[in-house]
>>> print(open('structure.cif').read())   # mmCIF, C-alpha atoms
data_entry
loop_
_atom_site.label_atom_id
_atom_site.label_comp_id
_atom_site.auth_asym_id
_atom_site.auth_seq_id
_atom_site.Cartn_x
_atom_site.Cartn_y
_atom_site.Cartn_z
CA MET A 1 208.31 -36.70 168.67
CA THR A 2 204.98 -38.03 167.43
CA ARG A 3 201.99 -36.32 169.01
CA ILE A 4 198.25 -36.89 169.03
CA GLN A 5 196.72 -33.44 168.49
CA GLN A 6 193.05 -34.19 169.05
CA HIS A 7 192.19 -37.25 171.08
CA THR A 8 189.20 -39.25 170.00
CA ILE A 9 188.61 -42.85 170.93
CA LYS A 10 189.25 -43.92 167.34
CA GLU A 11 192.55 -42.04 167.16
CA PHE A 12 193.65 -43.44 170.50
CA LEU A 13 192.88 -47.01 169.48
CA THR A 14 194.63 -46.69 166.13
CA LYS A 15 197.54 -44.32 166.85
CA SER A 16 198.49 -44.44 170.52
CA TYR A 17 201.59 -46.35 171.62
CA PHE A 18 199.74 -47.21 174.84
CA ALA A 19 197.06 -48.96 172.80
CA TYR A 20 199.65 -50.75 170.66
CA LEU A 21 201.45 -52.06 173.75
CA PHE A 22 198.15 -53.13 175.26
CA TYR A 23 197.26 -55.08 172.12
CA ALA A 24 200.66 -56.79 172.24
CA PHE A 25 200.13 -57.72 175.89
CA VAL A 26 196.71 -59.18 175.18
CA LEU A 27 197.99 -61.24 172.23
CA VAL A 28 201.20 -62.45 173.89
CA GLY A 29 199.32 -63.11 177.13
CA ILE A 30 197.22 -65.79 175.46
CA TYR A 31 200.34 -67.97 175.24
CA PRO A 32 200.88 -68.56 179.00
CA LEU A 33 197.14 -68.82 179.56
CA LEU A 34 196.87 -71.74 177.15
CA LEU A 35 200.15 -73.53 177.71
CA TYR A 36 200.89 -73.26 181.41
CA SER A 37 199.09 -74.21 184.59
CA LYS A 38 197.41 -71.45 186.56
CA TYR A 39 200.19 -71.11 189.13
CA HIS A 40 203.25 -71.80 186.90
CA ILE A 41 204.22 -68.11 186.43
CA ASN A 42 203.85 -67.39 190.15
CA VAL A 43 206.17 -70.23 191.09
CA TYR A 44 208.72 -69.22 188.44
CA ILE A 45 208.82 -65.56 189.55
CA ASN A 46 208.97 -66.58 193.19
CA THR A 47 211.83 -68.99 192.58
CA HIS A 48 213.99 -67.05 190.13
CA ILE A 49 213.21 -63.34 190.65
CA ALA A 50 211.82 -62.67 194.13
CA ASN A 51 214.35 -61.63 196.78
CA TYR A 52 214.49 -59.50 199.93
CA THR A 53 216.09 -56.58 198.07
CA LEU A 54 213.16 -56.20 195.69
CA ASP A 55 210.42 -56.83 198.27
CA PRO A 56 210.11 -53.23 199.63
CA PHE A 57 210.00 -51.79 196.10
CA PHE A 58 207.14 -53.99 194.90
CA ILE A 59 205.22 -53.59 198.16
CA LEU A 60 205.33 -49.79 197.78
CA TYR A 61 204.67 -49.98 194.03
CA SER A 62 201.55 -52.06 194.61
CA GLN A 63 200.25 -49.71 197.31
CA ILE A 64 200.36 -46.71 194.96
CA PHE A 65 197.43 -48.15 193.04
CA GLU A 66 195.13 -48.55 195.99
CA GLY A 67 192.01 -46.41 195.97
CA TRP A 68 193.17 -43.82 198.50
CA ALA A 69 195.94 -42.59 196.18
CA MET A 70 193.32 -41.44 193.67
CA ILE A 71 192.08 -38.75 196.04
CA PHE A 72 195.26 -36.72 195.60
CA VAL A 73 195.10 -37.00 191.80
CA VAL A 74 191.49 -35.82 191.68
CA ILE A 75 192.25 -32.86 193.96
CA ALA A 76 195.23 -31.87 191.81
CA PHE A 77 193.17 -31.93 188.60
CA ALA A 78 190.51 -29.72 190.17
CA PHE A 79 192.97 -26.88 189.55
CA ILE A 80 193.64 -27.99 185.95
CA SER A 81 190.56 -29.38 184.23
CA LYS A 82 187.04 -30.41 185.26
CA ARG A 83 186.93 -32.94 182.42
CA LYS A 84 190.20 -34.60 183.41
CA MET A 85 189.21 -34.58 187.06
CA ALA A 86 185.89 -36.25 186.19
CA CYS A 87 187.65 -38.86 184.03
CA PHE A 88 189.98 -39.86 186.83
CA ALA A 89 187.28 -39.85 189.52
CA LEU A 90 184.76 -41.83 187.45
CA SER A 91 187.43 -44.33 186.35
CA ALA A 92 188.37 -45.01 189.96
CA ILE A 93 184.76 -45.30 191.11
CA LEU A 94 183.73 -47.52 188.21
CA ALA A 95 186.78 -49.77 188.68
CA GLY A 96 185.94 -50.17 192.36
CA ILE A 97 182.30 -51.00 191.68
CA LEU A 98 183.07 -53.51 188.91
CA ILE A 99 185.71 -55.32 190.96
CA TYR A 100 183.35 -55.55 193.93
CA VAL A 101 180.49 -56.90 191.82
CA LEU A 102 182.70 -59.39 189.98
CA LYS A 103 184.39 -60.75 193.10
CA ASP A 104 181.34 -60.91 195.34
CA PHE A 105 178.46 -61.67 192.99
CA VAL A 106 179.68 -62.92 189.60
CA VAL A 107 182.90 -64.90 189.89
CA GLY A 108 182.76 -65.63 193.59
CA ASN A 109 185.42 -66.56 196.10
CA VAL A 110 188.37 -67.63 193.92
CA PRO A 111 191.42 -68.74 195.98
CA ARG A 112 194.70 -66.82 195.68
CA PRO A 113 198.10 -68.50 195.08
CA THR A 114 198.94 -68.97 198.78
CA LYS A 115 195.51 -70.52 199.32
CA LEU A 116 195.50 -72.80 196.28
CA LEU A 117 199.01 -74.13 196.95
CA PRO A 118 200.66 -74.99 200.28
CA ILE A 119 202.74 -72.08 201.55
CA GLU A 120 205.81 -74.34 201.51
CA THR A 121 205.55 -74.53 197.72
CA PHE A 122 207.06 -71.07 197.38
CA HIS A 123 210.79 -70.49 197.57
CA HIS A 124 210.64 -66.88 198.76
CA LEU A 125 208.11 -65.41 201.20
CA LEU A 126 207.75 -61.95 202.68
CA GLU A 127 208.78 -61.62 206.31
CA ASP A 128 205.28 -60.43 207.19
CA ARG A 129 203.13 -63.31 206.03
CA ASN A 130 199.96 -61.51 207.10
CA VAL A 131 200.00 -59.69 203.76
CA TYR A 132 199.10 -62.89 201.94
CA LYS A 133 195.39 -62.82 201.30
CA GLU A 134 193.69 -66.12 200.58
CA ASN A 135 190.46 -65.31 198.78
CA TYR A 136 188.88 -63.15 196.05
CA SER A 137 191.70 -63.53 193.56
CA PHE A 138 189.87 -62.88 190.27
CA PRO A 139 190.20 -60.33 188.80
CA SER A 140 193.08 -58.20 190.10
CA GLY A 141 191.68 -54.96 191.47
CA HIS A 142 195.07 -53.25 191.55
CA THR A 143 195.71 -54.10 187.90
CA THR A 144 192.24 -52.94 186.87
CA PHE A 145 192.77 -49.68 188.72
CA ALA A 146 196.26 -49.20 187.22
CA PHE A 147 195.17 -49.71 183.61
CA ALA A 148 192.08 -47.53 184.09
CA ILE A 149 194.09 -44.64 185.51
CA MET A 150 197.12 -44.98 183.25
CA GLY A 151 194.77 -45.41 180.30
CA ILE A 152 193.19 -42.05 181.13
CA CYS A 153 196.67 -40.54 181.40
CA ALA A 154 197.49 -41.88 177.93
CA LEU A 155 194.22 -40.55 176.53
CA ILE A 156 194.80 -37.01 177.77
CA THR A 157 198.52 -36.78 177.04
CA LYS A 158 200.01 -35.40 173.83
CA SER A 159 203.32 -37.22 174.09
CA GLN A 160 203.50 -40.69 172.62
CA TRP A 161 206.56 -41.49 174.70
CA CYS A 162 204.73 -40.51 177.86
CA SER A 163 202.02 -42.98 176.85
CA VAL A 164 204.72 -45.67 176.70
CA LEU A 165 205.76 -44.70 180.24
CA TYR A 166 202.14 -44.93 181.41
CA PHE A 167 201.88 -48.45 180.01
CA ILE A 168 205.12 -49.47 181.74
CA ILE A 169 203.75 -48.12 185.02
CA ALA A 170 200.50 -50.06 184.59
CA ILE A 171 202.16 -53.33 183.59
CA GLY A 172 204.60 -52.86 186.47
CA CYS A 173 201.69 -52.79 188.89
CA ALA A 174 200.34 -55.99 187.32
CA PHE A 175 203.74 -57.66 187.72
CA SER A 176 203.93 -56.55 191.36
CA ARG A 177 200.74 -58.50 192.07
CA LEU A 178 202.33 -61.66 190.68
CA TYR A 179 205.57 -60.98 192.53
CA LEU A 180 203.74 -60.54 195.85
CA LEU A 181 201.75 -63.76 195.30
CA GLN A 182 198.47 -61.86 195.43
CA HIS A 183 197.18 -62.96 192.03
CA PHE A 184 197.56 -65.41 189.17
CA PHE A 185 198.42 -64.32 185.64
CA VAL A 186 194.81 -64.79 184.51
CA ASP A 187 193.76 -62.32 187.23
CA ILE A 188 196.06 -59.54 186.05
CA TYR A 189 195.40 -60.36 182.37
CA CYS A 190 191.65 -59.87 182.73
CA GLY A 191 192.13 -56.97 185.12
CA ALA A 192 194.18 -55.13 182.48
CA ILE A 193 191.45 -55.63 179.87
CA ILE A 194 188.74 -54.42 182.25
CA GLY A 195 190.79 -51.39 183.24
CA PHE A 196 191.53 -50.48 179.62
CA CYS A 197 187.82 -50.63 178.76
CA ILE A 198 186.97 -48.49 181.79
CA ALA A 199 189.41 -45.81 180.62
CA LEU A 200 187.82 -45.72 177.15
CA PHE A 201 184.30 -45.62 178.56
CA THR A 202 184.86 -42.84 181.09
CA TYR A 203 186.87 -40.71 178.65
CA SER A 204 184.08 -40.96 176.08
CA LEU A 205 181.41 -40.37 178.72
CA CYS A 206 183.02 -37.21 180.10
CA GLY A 207 183.93 -35.73 176.74
CA THR A 208 181.14 -36.76 174.37
CA VAL A 209 178.08 -37.62 176.45
CA LEU A 210 178.36 -35.34 179.48
CA GLN A 211 180.41 -32.76 177.56
CA ILE A 212 182.24 -31.60 180.67
CA LYS A 213 184.27 -28.50 179.92
CA ASP A 214 188.05 -28.74 179.82
CA GLU A 215 188.58 -25.89 182.28
CA PRO A 216 189.65 -25.65 185.94
CA LEU A 217 187.06 -26.33 188.63
CA ILE A 218 189.01 -24.22 191.10
CA ARG A 219 190.71 -21.08 189.89
CA ILE A 220 193.53 -19.43 191.80
CA LYS A 221 193.24 -15.69 191.79
CA ARG A 222 196.38 -13.79 190.96
CA ASN A 223 197.06 -10.30 192.18
#
>>> encode(input="structure.cif", output="structure tokens")
Amino acid sequence: MTRIQQHTIKEFLTKSYFAYLFYAFVLVGIYPLLLYSKYHINVYINTHIANYTLDPFFILYSQIFEGWAMIFVVIAFAFISKRKMACFALSAILAGILIYVLKDFVVGNVPRPTKLLPIETFHHLLEDRNVYKENYSFPSGHTTFAFAIMGICALITKSQWCSVLYFIIAIGCAFSRLYLLQHFFVDIYCGAIIGFCIALFTYSLCGTVLQIKDEPLIRIKRN
């Protein structure tokens, strides 16, 4: 098994499978952005993939990457490493701030799929239609959060195959947002890029600039 012994940003960008998969996503993702209409992928997924069996799975999957879930991760890492805890906490906070600023002050009120198109356009709809938000589509906050957090996981892991798993988890969250008609492909595409950059920034900040020690914040005394 290939391992990264000492993680630096340069080594991560040039040797990590997570980074390689991210590059592939960015390159391949240009194709649908240029050749298809904004809502084409949503309609295709909704018509050919969406069904009532998969609905509960993607609803739960999407909820995992909401901000509240990060609290448990940060608490857990308090017993493992102050640096890792800081990376996760700062990534979550920075992702939240950036998404808020972009949606409310930079990009503005961009309509979501069920707002841009008549609801009757879609072949499959969730039984609870109240989940369909109408505004603030760009960028996808869930996708940004997923790539920021999974990016940190890939940066601190030694296993290359675990980094592949982290990417699959992140891209799965992005797909869930398309499946649930919460975002367009351009929303999750840009959200992934933002989240990836956040992971790099916070990892570098905690390790190089702030030089936070890689030791537990809370130590459990043993008798």
>>> residues_near_point(input="structure.cif", point="(207.2, -56.2, 207.6)", cutoff="12 Å", atoms="only C-alpha atoms", output="list in words")
Tyr52, Asp55, Pro56, Ile59, Leu60, Leu125, Leu126, Glu127, Asp128, Arg129, Asn130, Val131 and Tyr132 of chain A
>>> resolve_selection(input="structure.cif", expression="the PyMOL selection byres ((chain A and resi 167-181) around 7)", output="number ranges by chain")
A: 18, 42, 45-46, 50, 58, 61-62, 113-114, 143, 146-147, 150, 163-166, 182-185, 188
>>> closest_residue(input="structure.cif", among="A:Tyr31, A:Phe88, A:Tyr44, A:Tyr189", to="A:Thr144", atoms="only C-alpha atoms")
A:Tyr189
>>> resolve_selection(input="structure.cif", expression="the PyMOL selection byres ((chain A and resi 201) around 10)", output="list in words")
Ile9, Cys87, Leu90, Ser91, Leu94, Ala148, Ile152, Gly195, Phe196, Cys197, Ile198, Ala199, Leu200, Thr202, Tyr203, Ser204, Leu205 and Cys206 of chain A
>>> resolve_selection(input="structure.cif", expression="the PyMOL selection byres ((chain A and resi 115) around 10)", output="PyMOL selection string")
chain A and resi 110-114+116-119+132-135+137+182
>>> closest_residue(input="structure.cif", among="A:Ala95, A:Ile75, A:Ile193, A:Val186", to="A:Tyr39", atoms="only C-alpha atoms")
A:Val186
>>> atom_distance(input="structure.cif", atom1="atom CA of A:Ser37", atom2="atom CA of A:Gly96")
28.5 Å
>>> closest_residue(input="structure.cif", among="A:Lys15, A:Phe122, A:Lys103, A:Met85", to="A:Cys153", atoms="only C-alpha atoms")
A:Met85
>>> atom_distance(input="structure.cif", atom1="atom CA of A:Leu155", atom2="atom CA of A:Ala192")
15.7 Å
>>> closest_residue(input="structure.cif", among="A:Tyr17, A:Val107, A:His123, A:Arg83", to="A:Gln160", atoms="all atoms listed in the file")
A:Tyr17
>>> atom_distance(input="structure.cif", atom1="atom CA of A:Ile41", atom2="atom CA of A:Gly141")
18.9 Å
>>> closest_residue(input="structure.cif", among="A:Leu98, A:Gly108, A:Ile71, A:Ala154", to="A:Ala86", atoms="all atoms listed in the file")
A:Ile71
>>> closest_residue(input="structure.cif", among="A:Glu11, A:Ala92, A:Gly151, A:Ile156", to="A:Glu66", atoms="only C-alpha atoms")
A:Ala92
